[in-house]
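Enquirer: target_35.txt is the file, holding compact mmCIF, C-alpha atoms and all ligand atoms:
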# COMPACT_ATOMS: atom_id res chain seq x y z
CA MET A 1 30.39 30.13 -15.20
CA GLN A 2 31.19 30.54 -11.49
CA LYS A 3 32.46 33.97 -12.41
CA MET A 4 29.07 35.00 -13.81
CA ASN A 5 26.99 34.26 -10.70
CA LEU A 6 29.06 36.35 -8.36
CA PRO A 7 28.50 39.79 -9.89
CA LEU A 8 24.80 39.09 -10.41
CA ALA A 9 24.43 38.89 -6.64
CA ALA A 10 25.72 42.44 -6.43
CA PHE A 11 22.51 43.65 -8.09
CA ALA A 12 20.83 43.07 -4.76
CA LEU A 13 22.82 45.99 -3.37
CA LEU A 14 21.64 48.54 -5.88
CA PRO A 15 18.30 49.59 -4.40
CA THR A 16 19.80 50.24 -0.96
CA LEU A 17 23.17 51.66 -1.93
CA ALA A 18 21.58 53.92 -4.56
CA LEU A 19 24.58 56.02 -5.47
CA ALA A 20 27.40 53.85 -4.23
CA GLN A 21 29.35 51.76 -6.68
CA PRO A 22 29.46 48.06 -5.94
CA GLY A 23 33.09 46.96 -5.59
CA GLY A 24 34.86 46.14 -8.83
CA TRP A 25 32.03 47.26 -11.11
CA ASN A 26 34.16 50.04 -12.56
CA ASP A 27 37.26 47.98 -13.21
CA PRO A 28 38.31 48.25 -16.85
CA PHE A 29 37.30 45.47 -19.22
CA PRO A 30 39.38 45.05 -22.39
CA PRO A 31 37.78 47.24 -25.06
CA HIS A 32 36.98 45.17 -28.13
CA LYS A 33 35.21 45.10 -31.45
CA VAL A 34 31.81 43.38 -31.31
CA MET A 35 30.98 43.50 -35.01
CA ASP A 36 31.11 46.00 -37.84
CA ASN A 37 31.73 49.44 -36.33
CA VAL A 38 30.36 48.52 -32.90
CA TYR A 39 32.80 48.34 -29.98
CA TYR A 40 32.53 47.47 -26.29
CA VAL A 41 34.09 50.24 -24.18
CA GLY A 42 32.47 49.52 -20.82
CA THR A 43 33.75 48.25 -17.48
CA THR A 44 33.64 44.72 -16.05
CA MET A 45 30.00 45.11 -15.02
CA LEU A 46 28.65 48.16 -16.84
CA SER A 47 28.30 48.05 -20.60
CA SER A 48 29.05 51.00 -22.83
CA TYR A 49 29.14 50.76 -26.61
CA LEU A 50 30.84 52.95 -29.18
CA ILE A 51 29.37 53.06 -32.67
CA THR A 52 31.81 54.75 -34.98
CA THR A 53 30.87 56.59 -38.17
CA PRO A 54 32.70 58.88 -40.62
CA GLU A 55 30.72 61.81 -39.14
CA GLY A 56 31.58 61.15 -35.49
CA HIS A 57 30.54 58.57 -32.97
CA ILE A 58 27.57 57.45 -30.91
CA LEU A 59 28.12 56.36 -27.29
CA LEU A 60 25.50 54.15 -25.72
CA SER A 61 25.45 54.62 -21.91
CA SER A 62 27.85 56.62 -19.71
CA ASN A 63 27.37 54.60 -16.51
CA TYR A 64 28.79 56.05 -13.25
CA GLU A 65 30.73 59.30 -13.44
CA ALA A 66 33.75 57.25 -12.35
CA SER A 67 33.17 54.97 -15.35
CA VAL A 68 33.68 57.81 -17.84
CA PRO A 69 37.54 57.88 -17.64
CA VAL A 70 37.52 54.09 -18.14
CA ILE A 71 35.29 54.49 -21.20
CA GLN A 72 37.46 57.31 -22.54
CA ALA A 73 40.63 55.22 -22.14
CA GLY A 74 38.92 52.32 -23.95
CA VAL A 75 37.83 54.55 -26.83
CA GLU A 76 41.39 55.88 -27.19
CA GLN A 77 42.93 52.41 -26.89
CA LEU A 78 40.82 51.37 -29.88
CA GLY A 79 42.26 54.31 -31.83
CA PHE A 80 39.29 56.68 -31.71
CA ASN A 81 38.96 60.18 -30.30
CA PHE A 82 36.61 60.58 -27.35
CA LYS A 83 35.86 64.15 -28.42
CA ASP A 84 34.43 62.80 -31.70
CA ILE A 85 31.42 61.45 -29.79
CA LYS A 86 28.51 63.45 -31.17
CA ILE A 87 25.59 61.61 -29.60
CA LEU A 88 25.21 60.04 -26.15
CA ILE A 89 22.26 57.69 -25.85
CA SER A 90 21.50 57.77 -22.14
CA GLY A 91 21.11 54.40 -20.41
CA HIS A 92 18.06 53.43 -18.38
CA ALA A 93 17.27 55.75 -15.48
CA HIS A 94 19.30 54.05 -12.74
CA PRO A 95 22.43 55.67 -11.24
CA ASP A 96 24.79 53.01 -12.61
CA HIS A 97 23.82 53.91 -16.19
CA ILE A 98 23.21 57.69 -16.19
CA GLU A 99 25.40 59.30 -13.52
CA GLY A 100 28.16 59.92 -16.08
CA ASP A 101 25.91 61.70 -18.63
CA ALA A 102 26.84 65.21 -17.45
CA LEU A 103 30.58 64.47 -17.59
CA VAL A 104 30.35 62.98 -21.11
CA LYS A 105 28.43 66.10 -22.17
CA GLU A 106 31.12 68.35 -20.59
CA LEU A 107 33.95 66.48 -22.30
CA THR A 108 32.42 66.02 -25.77
CA GLY A 109 29.48 68.40 -26.20
CA ALA A 110 27.46 65.39 -27.40
CA GLU A 111 23.71 65.59 -27.88
CA VAL A 112 22.14 63.53 -25.08
CA VAL A 113 19.19 61.34 -26.05
CA VAL A 114 16.71 60.23 -23.35
CA GLY A 115 13.53 58.14 -23.59
CA ARG A 116 10.34 60.11 -22.90
CA LEU A 117 9.09 57.84 -20.12
CA GLU A 118 12.49 58.08 -18.37
CA VAL A 119 12.53 61.89 -18.27
CA PRO A 120 10.85 62.38 -14.85
CA ASP A 121 13.24 59.94 -13.15
CA VAL A 122 16.28 61.36 -14.98
CA GLN A 123 15.31 64.85 -13.86
CA ALA A 124 14.70 63.66 -10.29
CA PHE A 125 18.09 61.91 -10.14
CA LYS A 126 20.33 63.47 -7.52
CA HIS A 127 23.84 63.61 -8.94
CA PRO A 128 26.43 63.18 -6.16
CA LYS A 129 28.19 66.36 -7.35
CA GLY A 130 24.94 68.26 -7.83
CA LYS A 131 25.18 68.24 -11.63
CA THR A 132 22.06 68.61 -13.75
CA GLN A 133 21.30 65.68 -16.02
CA PRO A 134 21.58 66.82 -19.64
CA ILE A 135 18.59 66.07 -21.90
CA ASP A 136 18.85 67.37 -25.47
CA ARG A 137 16.51 65.09 -27.36
CA ILE A 138 13.57 62.98 -26.17
CA VAL A 139 12.63 59.80 -28.04
CA ASP A 140 9.53 57.62 -28.17
CA GLU A 141 8.85 54.05 -29.25
CA GLY A 142 9.99 53.38 -32.80
CA GLU A 143 11.99 56.60 -33.18
CA THR A 144 15.46 56.45 -34.63
CA VAL A 145 18.85 57.97 -33.87
CA SER A 146 21.08 58.35 -36.92
CA LEU A 147 24.61 59.51 -37.58
CA GLY A 148 26.98 58.94 -40.50
CA GLY A 149 24.89 56.20 -42.10
CA MET A 150 24.18 54.29 -38.88
CA THR A 151 20.62 54.13 -37.55
CA LEU A 152 19.43 52.80 -34.20
CA THR A 153 15.74 52.18 -33.49
CA ALA A 154 14.19 52.60 -30.03
CA HIS A 155 12.07 49.84 -28.48
CA VAL A 156 10.46 50.74 -25.17
CA LEU A 157 10.44 47.81 -22.71
CA PRO A 158 9.17 49.30 -19.45
CA GLY A 159 9.33 47.61 -16.06
CA HIS A 160 12.96 47.58 -14.91
CA THR A 161 12.58 51.36 -15.24
CA LYS A 162 9.46 53.18 -16.41
CA GLY A 163 10.81 53.66 -19.91
CA CYS A 164 13.69 51.24 -20.37
CA ILE A 165 14.73 51.39 -24.06
CA ALA A 166 16.40 48.64 -26.05
CA TRP A 167 18.02 49.64 -29.34
CA SER A 168 18.22 47.62 -32.53
CA MET A 169 20.65 48.21 -35.35
CA PRO A 170 21.69 46.23 -38.42
CA MET A 171 25.30 45.05 -38.16
CA THR A 172 27.27 43.67 -41.08
CA GLU A 173 30.07 41.12 -41.14
CA ALA A 174 31.58 39.31 -44.14
CA GLY A 175 28.84 40.63 -46.40
CA LYS A 176 26.01 39.38 -44.20
CA SER A 177 23.66 41.61 -42.22
CA TYR A 178 22.61 40.71 -38.68
CA TYR A 179 19.92 42.00 -36.32
CA GLY A 180 21.96 43.68 -33.60
CA PHE A 181 20.21 44.33 -30.29
CA PHE A 182 21.31 46.36 -27.27
CA GLU A 183 18.98 45.01 -24.61
CA CYS A 184 17.97 47.44 -21.83
CA SER A 185 17.36 45.31 -18.73
CA LEU A 186 14.76 42.68 -17.96
CA ASN A 187 16.06 42.22 -14.43
CA GLY A 188 13.05 42.05 -12.15
CA GLN A 189 14.60 40.40 -9.14
CA PHE A 190 14.97 43.40 -6.86
CA LEU A 191 11.96 45.53 -7.73
CA LYS A 192 8.89 46.20 -5.62
CA TYR A 193 5.68 44.79 -7.06
CA VAL A 194 3.16 44.94 -4.24
CA GLY A 195 2.05 48.42 -3.22
CA ASN A 196 4.51 50.24 -5.45
CA THR A 197 2.95 53.69 -5.30
CA ASP A 198 5.80 55.23 -7.30
CA TYR A 199 5.12 52.84 -10.20
CA PRO A 200 1.61 51.34 -9.90
CA GLY A 201 1.72 49.77 -13.38
CA ILE A 202 5.00 47.93 -12.84
CA VAL A 203 3.61 44.37 -12.89
CA ASP A 204 1.65 44.84 -16.14
CA ASP A 205 4.65 46.58 -17.71
CA MET A 206 6.99 43.75 -16.72
CA ARG A 207 4.64 41.10 -18.10
CA GLY A 208 4.21 43.00 -21.36
CA SER A 209 7.94 43.58 -21.77
CA TYR A 210 8.83 39.88 -21.50
CA GLN A 211 6.22 39.12 -24.17
CA LYS A 212 7.52 41.91 -26.40
CA ALA A 213 11.16 40.94 -25.80
CA LYS A 214 10.49 37.46 -27.22
CA THR A 215 9.37 38.95 -30.55
CA PHE A 216 12.66 40.55 -31.58
CA PRO A 217 14.65 38.53 -34.12
CA VAL A 218 17.86 39.12 -32.18
CA GLU A 219 21.09 37.77 -33.68
CA VAL A 220 23.84 39.89 -32.13
CA PHE A 221 22.89 39.94 -28.44
CA LEU A 222 24.26 42.79 -26.29
CA SER A 223 22.98 44.30 -23.04
CA SER A 224 23.41 46.99 -20.40
CA HIS A 225 25.37 44.56 -18.21
CA GLY A 226 27.91 42.17 -19.72
CA VAL A 227 26.82 39.45 -17.32
CA PHE A 228 23.37 39.41 -19.00
CA TYR A 229 24.84 38.18 -22.28
CA GLY A 230 27.77 36.16 -21.01
CA LEU A 231 30.44 38.71 -21.94
CA ASP A 232 33.29 37.01 -20.05
CA ALA A 233 32.88 33.69 -21.87
CA LYS A 234 32.22 35.33 -25.24
CA TYR A 235 35.25 37.58 -24.91
CA GLU A 236 37.38 34.51 -24.17
CA LYS A 237 36.01 32.89 -27.34
CA LEU A 238 36.77 36.07 -29.25
CA GLN A 239 40.40 35.90 -28.14
CA ALA A 240 40.72 32.33 -29.39
CA LEU A 241 38.87 32.94 -32.68
CA LYS A 242 40.25 31.12 -35.71
CA PRO A 243 39.42 32.00 -39.33
CA GLY A 244 35.97 30.65 -40.18
CA ASP A 245 34.79 30.53 -36.54
CA PRO A 246 31.46 32.28 -35.95
CA ASN A 247 31.44 35.63 -34.16
CA PRO A 248 30.64 34.68 -30.51
CA PHE A 249 28.29 37.63 -30.12
CA ILE A 250 25.90 36.06 -32.65
CA ASP A 251 23.69 34.25 -30.16
CA PRO A 252 19.96 34.14 -30.97
CA ALA A 253 19.36 31.16 -28.66
CA GLY A 254 21.28 32.84 -25.82
CA TYR A 255 19.04 35.90 -26.14
CA GLN A 256 15.82 33.89 -26.01
CA SER A 257 16.96 31.82 -23.04
CA HIS A 258 18.02 35.01 -21.22
CA VAL A 259 14.50 36.42 -21.67
CA ALA A 260 12.91 33.17 -20.47
CA GLU A 261 15.26 32.92 -17.47
CA PHE A 262 14.61 36.50 -16.36
CA GLU A 263 10.87 36.16 -16.88
CA LYS A 264 10.90 33.17 -14.53
CA ILE A 265 12.91 35.10 -11.93
CA PHE A 266 10.37 37.93 -12.17
CA LEU A 267 7.38 35.58 -11.77
CA ASP A 268 8.99 33.85 -8.79
CA THR A 269 9.81 37.19 -7.15
CA LEU A 270 6.29 38.48 -7.78
CA ALA A 271 4.71 35.31 -6.33
CA LYS A 272 6.95 35.57 -3.25
CA GLN A 273 6.07 39.23 -2.67
CA GLN A 274 2.34 38.54 -3.13
CA ALA A 275 2.50 35.61 -0.70
CA GLU A 276 4.27 37.76 1.88
CA ALA A 277 1.75 40.58 1.44
CA GLY A 278 -1.12 38.11 1.89
CA LYS A 279 0.13 36.99 5.29
ZN ZN B 1 19.06 49.06 -13.90
Before anything else, please render the file you have as structure tokens.
Ligand SMILES: [Zn+2]
Expert:
Amino acid sequence: MQKMNLPLAAFALLPTLALAQPGGWNDPFPPHKVMDNVYYVGTTMLSSYLITTPEGHILLSSNYEASVPVIQAGVEQLGFNFKDIKILISGHAHPDHIEGDALVKELTGAEVVVGRLEVPDVQAFKHPKGKTQPIDRIVDEGETVSLGGMTLTAHVLPGHTKGCIAWSMPMTEAGKSYYGFFECSLNGQFLKYVGNTDYPGIVDDMRGSYQKAKTFPVEVFLSSHGVFYGLDAKYEKLQALKPGDPNPFIDPAGYQSHVAEFEKIFLDTLAKQQAEAGK
């Protein structure tokens, strides 16, 4: 558990460092199967998921440009071909989730999917190498992305970014279907709530997104950062799995308590900022 608190503190650096990579965030994490044809191919701190199909693969989030070789190595270590990625679902519009989009596009030719409300910030993003962010398809609330029999559904949960999208997808194991959920981010600890002229509706959006987040019948809980769903501990459990043990990524209670915990952090942060502004 000690391990989990440390990287969370690094989130505080993001707004000021903007394009810099917090130390260690890009270190490889062992690629592994989550469930069904869903695999984790991200780094220690930045999640990336590979969804394999007979018609090619979907990659969820490219992260930093420097993360892309780590993702590629993970994909190959699992026995898949990186060039078979046909669709890249772009992560939420922060540098640590989208900087690698252009490189993934260069290497695979994948169609890049971006949420409509994220488009202005994606287009305004200044890539450190001057690359243009690829946008091939724009999606709205409730729209789906399908390939080779797999379908993901978009759920817009604005606040952390203006159009943060979580994706749901049925996942099957041992003949049973589960509600799989790739959470976007509900982290509201380091955002500006008072006098945010760039995003005047941020407080209402945050409040609405916590309410909406509670309504999803999440069973397989995944997220844009491993630390949000306890990846380290769950991966350890996965390594020690005996026949008949439940898949550690099935964690409906963990999802709900994550939402409640982050809602409280948001409310505390908001109250603090409002008190400071009132002085
Ligand atoms: Zn973010």
Enquirer: Can you tell me which residues come within 9 Å of ligand ZN 1 (chain B) when counting all atoms listed in the file, ideally as a list in words?
Expert: Phe11, Leu14, Gly91, His92, Ala93, His94, Pro95, Asp96, His97, His160, Thr161, Cys164, Cys184, Ser185, Leu186, Asn187, Ser224 and His225 of chain A
Enquirer: For a quick check of understanding, using only C-alpha atoms, which of A:Val112, A:Ile71, A:Leu270, A:Met45 has the smallest distance to His32 of chain A?
Expert: A:Ile71
Enquirer: Would you please work out which residue, of A:Val38, A:Leu267, A:Val145, A:Leu50, is nearest to Phe249 of chain A when using only C-alpha atoms?
Expert: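 Going through A:Val38, A:Leu267, A:Val145, A:Leu50 one by one, the smallest distance to Phe249 of chain A is for A:Val38.
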Enquirer: Rounded to one decimal, what separation in Å do you get between atom CA of Tyr179 of chain A and atom CA of Gly100 of chain A?
Expert: 28.3 Å
Enquirer: Measuring between only C-alpha atoms, which one of A:Val218, A:Val68, A:Leu46, A:Val122 shows the shortest distance to Met169 of chain A?
Expert: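 Using only C-alpha atoms, Met169 of chain A sits closest to A:Val218.
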Enquirer: Calculate how many Å separate atom CA of Gly23 of chain A from atom CA of Ala124 of chain A, rounding to one decimal.
Expert: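 Result for atom CA of Gly23 of chain A versus atom CA of Ala124 of chain A: 25.3 Å, one decimal.
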Enquirer: Which of these, A:Ser146, A:Asn196, A:Thr151, A:Thr52, has the shortest distance to Tyr39 of chain A once you count all atoms listed in the file?
Expert: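 Nearest candidate to Tyr39 of chain A out of A:Ser146, A:Asn196, A:Thr151, A:Thr52: A:Thr52.
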Enquirer: What's the 8 Å shell around Gln273 of chain A, counting all atoms listed in the file, without same-chain residues fewer than 3 positions away, as a VMD selection string?
Expert: chain A and resid 193 to 194 269 to 270 276 to 277
Enquirer: Have a look at A:Glu183, A:Asp27, A:Glu106, A:Asp36 and name the one nearest to Phe216 of chain A; count only C-alpha atoms.
Expert: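 Nearest candidate to Phe216 of chain A out of A:Glu183, A:Asp27, A:Glu106, A:Asp36: A:Glu183.
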Enquirer: Tell me which of A:Gly188, A:Pro69, A:Pro243, A:Pro128 sits closest to Arg207 of chain A, counting only C-alpha atoms.
Expert: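 Looking at the shortest contact to Arg207 of chain A, the residue is A:Gly188.
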Enquirer: Atom CA of Leu59 of chain A to atom CA of Gln239 of chain A: how many Å, to one decimal?
Expert: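 These atoms are spaced 23.9 Å apart.
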Enquirer: Neighbouring residues of Asn247 of chain A were defined as those with any atom within 8 Å, considering only C-alpha atoms; residues of the same chain fewer than 3 positions away were excluded. Please report them as an NGL selection string.
Expert: :A and (35 or 238 or 250)
Enquirer: First collect every listed atom of segment 78-85 of chain A; then fit an axis-aligned box around them, widen it by 3 Å on each side, and give centre and edge lengths in Å to one decimal, as AutoDock Vina command-line options.
Expert:
--center_x 36.8 --center_y 57.8 --center_z -29.6 --size_x 16.8 --size_y 18.8 --size_z 10.5
Enquirer: Which polymer residues have any atom within 12 Å of an atom of Pro134 of chain A, counting only C-alpha atoms, with same-chain residues fewer than 3 positions away left out, as a ChimeraX atom specification?
Expert: /A:62,87-90,98-106,109-114,119,122-123,125,127,131,137-138
Enquirer: Determine, counting only C-alpha atoms, which protein, DNA and RNA residues have an atom within 12 Å of an atom of Tyr199 of chain A; residues of the same chain fewer than 2 positions away are not included. Present the result as a PyMOL selection string.
Expert: chain A and resi 117+121+158-163+191-197+201-206
Enquirer: Would you mind putting N, CA and C atoms back on segment 204-223 of chain A and writing the result as a tab-separated table (two decimals), in the coordinates of the input?
Expert:
chain	number	residue	atom	x	y	z
A	204	ASP	N	2.15	44.95	-14.76
A	204	ASP	CA	1.65	44.84	-16.14
A	204	ASP	C	2.76	45.18	-17.13
A	205	ASP	N	3.55	46.20	-16.82
A	205	ASP	CA	4.65	46.58	-17.71
A	205	ASP	C	5.67	45.45	-17.83
A	206	MET	N	6.01	44.85	-16.70
A	206	MET	CA	6.99	43.75	-16.72
A	206	MET	C	6.47	42.60	-17.59
A	207	ARG	N	5.22	42.20	-17.33
A	207	ARG	CA	4.64	41.10	-18.10
A	207	ARG	C	4.67	41.41	-19.59
A	208	GLY	N	4.25	42.61	-19.95
A	208	GLY	CA	4.21	43.00	-21.36
A	208	GLY	C	5.60	43.03	-21.98
A	209	SER	N	6.58	43.46	-21.21
A	209	SER	CA	7.94	43.58	-21.77
A	209	SER	C	8.57	42.22	-22.05
A	210	TYR	N	8.30	41.22	-21.20
A	210	TYR	CA	8.83	39.88	-21.50
A	210	TYR	C	8.21	39.34	-22.78
A	211	GLN	N	6.88	39.59	-22.95
A	211	GLN	CA	6.22	39.12	-24.17
A	211	GLN	C	6.81	39.82	-25.39
A	212	LYS	N	6.98	41.12	-25.28
A	212	LYS	CA	7.52	41.91	-26.40
A	212	LYS	C	8.97	41.49	-26.70
A	213	ALA	N	9.73	41.28	-25.63
A	213	ALA	CA	11.16	40.94	-25.80
A	213	ALA	C	11.34	39.67	-26.63
A	214	LYS	N	10.38	38.74	-26.50
A	214	LYS	CA	10.49	37.46	-27.22
A	214	LYS	C	10.29	37.63	-28.73
A	215	THR	N	9.72	38.77	-29.13
A	215	THR	CA	9.37	38.95	-30.55
A	215	THR	C	10.52	39.50	-31.40
A	216	PHE	N	11.58	39.97	-30.77
A	216	PHE	CA	12.66	40.55	-31.58
A	216	PHE	C	13.55	39.45	-32.18
A	217	PRO	N	13.83	39.56	-33.47
A	217	PRO	CA	14.65	38.53	-34.12
A	217	PRO	C	16.15	38.74	-33.86
A	218	VAL	N	16.50	38.75	-32.58
A	218	VAL	CA	17.86	39.12	-32.18
A	218	VAL	C	18.90	38.11	-32.67
A	219	GLU	N	19.95	38.62	-33.28
A	219	GLU	CA	21.09	37.77	-33.68
A	219	GLU	C	22.33	38.15	-32.88
A	220	VAL	N	22.72	39.43	-32.94
A	220	VAL	CA	23.84	39.89	-32.13
A	220	VAL	C	23.25	40.42	-30.82
A	221	PHE	N	23.53	39.69	-29.74
A	221	PHE	CA	22.89	39.94	-28.44
A	221	PHE	C	23.86	40.70	-27.52
A	222	LEU	N	23.47	41.95	-27.18
A	222	LEU	CA	24.26	42.79	-26.29
A	222	LEU	C	23.31	43.33	-25.21
A	223	SER	N	23.86	43.83	-24.12
A	223	SER	CA	22.98	44.30	-23.04
A	223	SER	C	23.67	45.33	-22.16
